[in-house]
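Asker: Okay, handing you the structure first.
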Protein chains: 2
Amino acid sequence: VDLRLGHRVDHVDRLAKKVSGETSHGKHFSCDYRHLLFANGASPLVPHIPGIDYPGVKVLKNLFHGREIKEYLKTSGTGKALILGMGYIALEMAEALRARDIDVVLVKPRPKFLPWLHEQLASTVWQELEAQRVDLFPGYALKAIEKGGKGYKVICDQGEFEVDFILVAIGVEPNSQIAAQAGLELGPCQAISVDRTLRTSDPDIFAAGDCADTYHVVTGDKTWIPLALRANRAGWAVADNVTGADVSLPGIVGTAVFKVFDLEVAKTGLNSKEASEAGFEPQSVVIESRSRAHAHPGSQTIQIHMLGDQKTGKLLGVQMVGKEGVAHRINAPAVALHQQMTVEDFSQTDLAYAPPFSPVWDPLLTTANQLLKRM
Amino acid sequence: VDLRLGHRVDHVDRLAKKVSGETSHGKHFSCDYRHLLFANGASPLVPHIPGIDYPGVKVLKNLFHGREIKEYLKTSGTGKALILGMGYIALEMAEALRARDIDVVLVKPRPKFLPWLHEQLASTVWQELEAQRVDLFPGYALKAIEKGGKGYKVICDQGEFEVDFILVAIGVEPNSQIAAQAGLELGPCQAISVDRTLRTSDPDIFAAGDCADTYHVVTGDKTWIPLALRANRAGWAVADNVTGADVSLPGIVGTAVFKVFDLEVAKTGLNSKEASEAGFEPQSVVIESRSRAHAHPGSQTIQIHMLGDQKTGKLLGVQMVGKEGVAHRINAPAVALHQQMTVEDFSQTDLAYAPPFSPVWDPLLTTANQLLKRM
C-alpha cells in the first residue's frame, strides 16, 4: 500500500484514469488508477455571516475538533455557550457542556424542534432539556457574531446572546465536488450516487461513506443519511468488490439512536411526512407504556410512535423516547422493516419478557396491537 | 359472565358437552358448554421424598406462594436456604434471598449447570453466582429432608446441608390430566395439543397457556415452553376465535430472558443440540464484544453465541450474557427467526449505533459476520 499523506486530490480525469492535485508542499502530483474510491466524507455546514471566523466559533466533526474545543473551553474559562443547531450533535454537546457546568443556549432558525420526531415525543425531549437548564430558541435566525463583553455577542433576528463560546452544529454536506466535476452522477443532497455494489455512474469508481448515497429499504428510493454503520459497512463492501468478491448491500432502514441527558431517543423507518411523500397511506398511533413489569421498582415511561401502511398493512416506522429500554428496543422493528413485515406479523413476534426488562407484552407489541385497531 | 368460584372441574363429557365436578362445599355440580377452554396452567414438580411436606419446604408458582415464603422467612428467621433446581426461578430466588442476606445453596441432581446455554456463557453465570456467594452443587440428588438442628437437614447422595428453608424449583408440568381423561390429544411434555387457532383435537374445546403446547417457528414442530407472553397471547386469541374472529397464531421462536444479580441472560431460537435434533446442520460461533463504543466509559463485556444452518444459511438461534445491553438486544434476532432470515441477511441489518449503547458494529452484527466466515 502506497500511502500518500499530504496529497490533496483536486481533479479526476476519467478518460485517462488519472487523479491529480497538490502536495502539502505546493507541488503538483498525478497518479494512475484502475479502481478509484471516493471515501472523503462530509463537511460541517457553516453559515456565511459576519464573525463566523472568530476563534471562539467552532465546529465538531472529528477528533481534532473535539480536542480544539476542550482546549478552548479550558483556556477561555467559558461559562456560557451557544450552540447553533438542535440535531444529534447539538444535543449531545449540550449535555457535554452542562456536565462541565457551562450554561447552554440552543438556537436554530426554523421554528420546529426535532421536526422529524412526533411532536409528543419531541415535547418530552424538550422538557428534559429544560429540566437540565438548557435554554432553547427555535425560530431564531443568526445574523452576526460580534466581540462583546468578555466574549461574544451573538445577534439573531429576534434577540441577542452574550456567550464565551459558539458551536456550529447545523449539519453536514457530502464532499462530492471533485466527483461532480469528474462528471459522476449525484443523488439526494448532492451525495455521490452509487448502486448496491457501491459503484458510481463510472463502474471503475466507487464511493463509500458520508460522501455517497444509499438505498432506503422501506421506500426503495435513494437517500442520504450520514451515519457510522452504513459508512463502515460500505467501506468493507468496496474492499470486497475491488478484490473480486460480489457484495451487494440492501441499504438502510433509517435507524438512529442518541442519548440526551437521562433520555434515550430512537427511530427506525419513516415518519408520517416521509411515508406520505413515498406514496404510502400512513396510519399511526402514539402510546405510553412502561420499561418494566407493572410491579417492578424503577419502571420508566416509554413513549412509542408507530406507523403502518393502510394499503399493504406493512410496518413503516417506529420512534421511541424514554429513560431506559429504548436504544436496543429499536432494533426489533429495524429488522422487521428489512423484511417488509406487516404490523400484524410484527405484533405476533416472540419478544423477550422478564419483569426487570419489560411488561409481559413488550411496549412494541402493545403499540402494534393498538395500531392494528386503526388500520 | 357466570363466575363459579370454588368449583373444581374433574370430568369432561365431550359427547354430552358437559363438565362436572365438585364445589368447595363438597357438592356435585355439572354444566353444559358450547365451547370449552382449558386455561388451567401448570403445576410445580415436587420430588416424592421423605420430608417434602415439612412446613419449611415451599414451591413458588403464584402470588399466594410468594406471600407464604415471605411470611415464613420472617417468622422462622431463616439464615440459610437451599434451593432445589437451577432454572430461572431458582436463580431469581437466589438473588431475592441473598438480597435479604440469607446464605443460599443451589442443588440439582443432574451434573450440568444451565445445560441449554453454551458452556462459555454458562460459566459466566456460574462465576457471577459464586461472586455473589451462592454455592452451587450440581450432580447432587436429593434423598430426604429431616428435622435437624434449629431447622432442616437436607440429605443428598453426595452430602448433607443444614438449612432453615427449602425452595423446590425444579420446573412445572402442564395441568392436562382432565383433558387427557376426556380423550383429547396431548403434545410434547404431555401438554394439551392445540392447532394454531388454539383448538384441541375436539374443535369445540380450546386450550391456552401453560397447559397447552404451541408451534416452534424455527423447527415447525410442536413444543412446550411455559412462558407468560405466549400464555397471555393465546388467551386473547381464544377469546377472538370463540366470538367469531379467525385468529391463527404463528407460534414461538423460543425467546427468554432473565436477570441474575448483575447479569442479563437471554436466548432466542435453538441451541446446537436442539438444532441437530431438528435436522439442521448447525454451525456456530462464540464471541466477546462490548456493550458500548470502545472509548465510552462503563462499557461491559457481552458474550454472544450464534448458530446458523450450513444447508440453508438460515439463522437458528442466539444466546447472550452480559451486564448490560443483553435483554432487549435479543429481540432483533427473535424477529429475524420469525422471518426465517439467513445469517447473511441479518448481518446486513441497520441496527442502532450511538457510543453509549453500542459499538459502530452492534455485537450481534459482529457475531453474524464471524459466523458467516465459518458457514
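The way I read the labels, and the way they are meant: chains A, B, ... in the order of the C-alpha cells, residue 1 as the first residue of every chain, and ligand 1 as the first ligand shown, with later ones counted on from there.
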Return as a ChimeraX atom specification the residues belonging to chain A that are within 10 Å of chain B, counting only C-alpha atoms.

Answerer: /A:217,227-233,248-259,264,266-268,325-341,345-346,348-362

Asker: Write out as a PyMOL selection string all residues of stretch 13-242 of chain B that backbone DSSP assigns to strand (DSSP E or B).

Answerer: chain B and resi 13+18-23+28-32+36-38+42-44+57-59+80-84+103-108+134-138+142-148+151-156+159-163+165-168+172-174+186+192+199+205-207+212+214-216+222-223

Asker: Using DSSP on the backbone coordinates, identify the residues of stretch 7-137 of chain B assigned to alpha helix (DSSP H); present them as an NGL selection string.

Answerer: :B and (63-76 or 88-99 or 119-131)

Asker: What would the file look like if the residues just selected were written as a CSV table (one decimal), in the first residue's frame with N, CA and C atoms?

Answerer:
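File part.csv, as written:
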chain,number,residue,atom,x,y,z
B,63,LEU,N,-48.7,-15.8,43.4
B,63,LEU,CA,-48.6,-14.8,44.4
B,63,LEU,C,-48.8,-15.3,45.8
B,64,PHE,N,-49.7,-16.2,46.0
B,64,PHE,CA,-50.0,-16.8,47.3
B,64,PHE,C,-48.7,-17.5,47.8
B,65,HIS,N,-48.1,-18.3,46.9
B,65,HIS,CA,-46.8,-18.9,47.3
B,65,HIS,C,-45.8,-17.8,47.7
B,66,GLY,N,-45.7,-16.8,47.0
B,66,GLY,CA,-44.7,-15.7,47.3
B,66,GLY,C,-44.9,-15.1,48.6
B,67,ARG,N,-46.2,-14.8,48.9
B,67,ARG,CA,-46.5,-14.2,50.3
B,67,ARG,C,-46.2,-15.2,51.4
B,68,GLU,N,-46.5,-16.5,51.1
B,68,GLU,CA,-46.3,-17.6,52.1
B,68,GLU,C,-44.8,-17.7,52.4
B,69,ILE,N,-43.9,-17.6,51.4
B,69,ILE,CA,-42.5,-17.7,51.5
B,69,ILE,C,-42.0,-16.5,52.4
B,70,LYS,N,-42.5,-15.3,52.0
B,70,LYS,CA,-42.1,-14.0,52.7
B,70,LYS,C,-42.4,-14.2,54.2
B,71,GLU,N,-43.6,-14.6,54.5
B,71,GLU,CA,-44.0,-14.8,55.9
B,71,GLU,C,-43.2,-15.8,56.6
B,72,TYR,N,-42.9,-16.9,55.9
B,72,TYR,CA,-42.1,-18.0,56.5
B,72,TYR,C,-40.7,-17.5,56.9
B,73,LEU,N,-40.1,-16.8,55.9
B,73,LEU,CA,-38.7,-16.3,56.1
B,73,LEU,C,-38.6,-15.4,57.3
B,74,LYS,N,-39.7,-14.5,57.5
B,74,LYS,CA,-39.7,-13.6,58.6
B,74,LYS,C,-39.9,-14.3,59.9
B,75,THR,N,-40.9,-15.2,60.0
B,75,THR,CA,-41.2,-15.8,61.3
B,75,THR,C,-40.1,-16.9,61.7
B,76,SER,N,-39.5,-17.5,60.7
B,76,SER,CA,-38.6,-18.6,61.0
B,76,SER,C,-37.2,-17.9,61.3
B,88,TYR,N,-34.6,-20.7,35.8
B,88,TYR,CA,-34.9,-19.2,36.0
B,88,TYR,C,-35.4,-18.9,37.4
B,89,ILE,N,-36.4,-19.7,37.9
B,89,ILE,CA,-37.0,-19.4,39.2
B,89,ILE,C,-36.0,-19.5,40.3
B,90,ALA,N,-35.2,-20.6,40.2
B,90,ALA,CA,-34.2,-20.9,41.2
B,90,ALA,C,-33.2,-19.7,41.3
B,91,LEU,N,-32.7,-19.3,40.1
B,91,LEU,CA,-31.7,-18.2,40.1
B,91,LEU,C,-32.2,-16.9,40.5
B,92,GLU,N,-33.5,-16.6,40.1
B,92,GLU,CA,-34.1,-15.3,40.5
B,92,GLU,C,-34.3,-15.3,42.0
B,93,MET,N,-34.7,-16.5,42.6
B,93,MET,CA,-34.9,-16.6,44.0
B,93,MET,C,-33.6,-16.6,44.8
B,94,ALA,N,-32.5,-17.1,44.2
B,94,ALA,CA,-31.2,-17.0,44.8
B,94,ALA,C,-30.9,-15.5,45.0
B,95,GLU,N,-31.1,-14.7,44.0
B,95,GLU,CA,-30.9,-13.3,44.2
B,95,GLU,C,-31.8,-12.6,45.2
B,96,ALA,N,-33.1,-13.0,45.2
B,96,ALA,CA,-34.0,-12.4,46.2
B,96,ALA,C,-33.6,-12.8,47.6
B,97,LEU,N,-33.1,-14.0,47.8
B,97,LEU,CA,-32.8,-14.4,49.2
B,97,LEU,C,-31.5,-13.8,49.6
B,98,ARG,N,-30.5,-13.7,48.7
B,98,ARG,CA,-29.2,-13.0,49.0
B,98,ARG,C,-29.5,-11.5,49.4
B,99,ALA,N,-30.5,-10.9,48.7
B,99,ALA,CA,-30.8,-9.5,49.0
B,99,ALA,C,-31.3,-9.4,50.4
B,119,GLU,N,-21.6,-23.5,27.0
B,119,GLU,CA,-20.8,-23.7,28.2
B,119,GLU,C,-20.0,-22.4,28.6
B,120,GLN,N,-19.5,-21.7,27.6
B,120,GLN,CA,-18.7,-20.5,28.0
B,120,GLN,C,-19.7,-19.4,28.6
B,121,LEU,N,-20.9,-19.3,28.1
B,121,LEU,CA,-21.8,-18.4,28.7
B,121,LEU,C,-22.3,-18.9,30.1
B,122,ALA,N,-22.5,-20.2,30.2
B,122,ALA,CA,-23.0,-20.8,31.4
B,122,ALA,C,-21.9,-20.5,32.5
B,123,SER,N,-20.7,-20.6,32.1
B,123,SER,CA,-19.6,-20.4,33.1
B,123,SER,C,-19.5,-19.0,33.6
B,124,THR,N,-19.9,-18.0,32.7
B,124,THR,CA,-20.0,-16.6,33.2
B,124,THR,C,-21.1,-16.5,34.3
B,125,VAL,N,-22.2,-17.1,34.0
B,125,VAL,CA,-23.3,-17.1,35.0
B,125,VAL,C,-22.9,-17.7,36.3
B,126,TRP,N,-22.2,-18.9,36.2
B,126,TRP,CA,-21.7,-19.6,37.4
B,126,TRP,C,-20.8,-18.7,38.2
B,127,GLN,N,-19.8,-18.0,37.5
B,127,GLN,CA,-18.9,-17.1,38.2
B,127,GLN,C,-19.6,-15.9,38.9
B,128,GLU,N,-20.7,-15.4,38.3
B,128,GLU,CA,-21.5,-14.3,38.9
B,128,GLU,C,-22.1,-14.8,40.2
B,129,LEU,N,-22.7,-16.0,40.1
B,129,LEU,CA,-23.3,-16.6,41.3
B,129,LEU,C,-22.3,-16.8,42.4
B,130,GLU,N,-21.1,-17.3,42.1
B,130,GLU,CA,-20.1,-17.5,43.1
B,130,GLU,C,-19.6,-16.2,43.7
B,131,ALA,N,-19.5,-15.2,42.8
B,131,ALA,CA,-19.1,-13.8,43.3
B,131,ALA,C,-20.1,-13.3,44.3

Asker: Hey, what's within 12 Å of A:Leu5 if we count only C-alpha atoms and toss same-chain stuff fewer than 4 positions away? As a list of chain:residue names, please?

Answerer: A:Val9, A:Glu22, A:Thr23, A:Ser24, A:His25

Asker: For the residues selected in the previous step, produce a file with N, CA, C and O atoms as a PDB file, in the first residue's frame.

Answerer:
ATOM      1  N   VAL A   9      -6.133  15.623  -3.625  1.00  0.00           N
ATOM      2  CA  VAL A   9      -6.661  15.419  -4.982  1.00  0.00           C
ATOM      3  C   VAL A   9      -7.633  16.550  -5.301  1.00  0.00           C
ATOM      4  O   VAL A   9      -8.502  16.872  -4.485  1.00  0.00           O
ATOM      5  N   GLU A  22      -2.379  18.528  -5.491  1.00  0.00           N
ATOM      6  CA  GLU A  22      -1.259  19.288  -4.956  1.00  0.00           C
ATOM      7  C   GLU A  22      -0.789  18.651  -3.645  1.00  0.00           C
ATOM      8  O   GLU A  22      -1.604  18.228  -2.835  1.00  0.00           O
ATOM      9  N   THR A  23       0.500  18.577  -3.431  1.00  0.00           N
ATOM     10  CA  THR A  23       1.011  18.089  -2.151  1.00  0.00           C
ATOM     11  C   THR A  23       0.990  19.228  -1.141  1.00  0.00           C
ATOM     12  O   THR A  23       0.773  20.388  -1.499  1.00  0.00           O
ATOM     13  N   SER A  24       1.246  18.868   0.102  1.00  0.00           N
ATOM     14  CA  SER A  24       1.228  19.902   1.145  1.00  0.00           C
ATOM     15  C   SER A  24       2.387  20.887   0.964  1.00  0.00           C
ATOM     16  O   SER A  24       2.397  21.953   1.579  1.00  0.00           O
ATOM     17  N   HIS A  25       3.370  20.529   0.121  1.00  0.00           N
ATOM     18  CA  HIS A  25       4.463  21.462  -0.173  1.00  0.00           C
ATOM     19  C   HIS A  25       4.173  22.295  -1.425  1.00  0.00           C
ATOM     20  O   HIS A  25       5.058  22.959  -1.947  1.00  0.00           O
TER      21      HIS A  25
END

Asker: Using only C-alpha atoms, can you tell me which of B:Gly187, B:Gly308, B:Pro203, B:Gly51 comes closest to B:Arg14?

Answerer: B:Pro203

Asker: Restricting the calculation to only C-alpha atoms, which member of A:Asp246, A:Asp213, A:Glu288, A:Asp135 is positioned closest to A:Glu173?

Answerer: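 Closest residue, counting only C-alpha atoms: A:Asp213.
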
Asker: Taking only C-alpha atoms into account, name the residue in A:Met306, A:Leu84, A:Ala39, A:Val242 that is nearest to A:Ala141.

Answerer: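 Distance minimum relative to A:Ala141 lands on A:Leu84.
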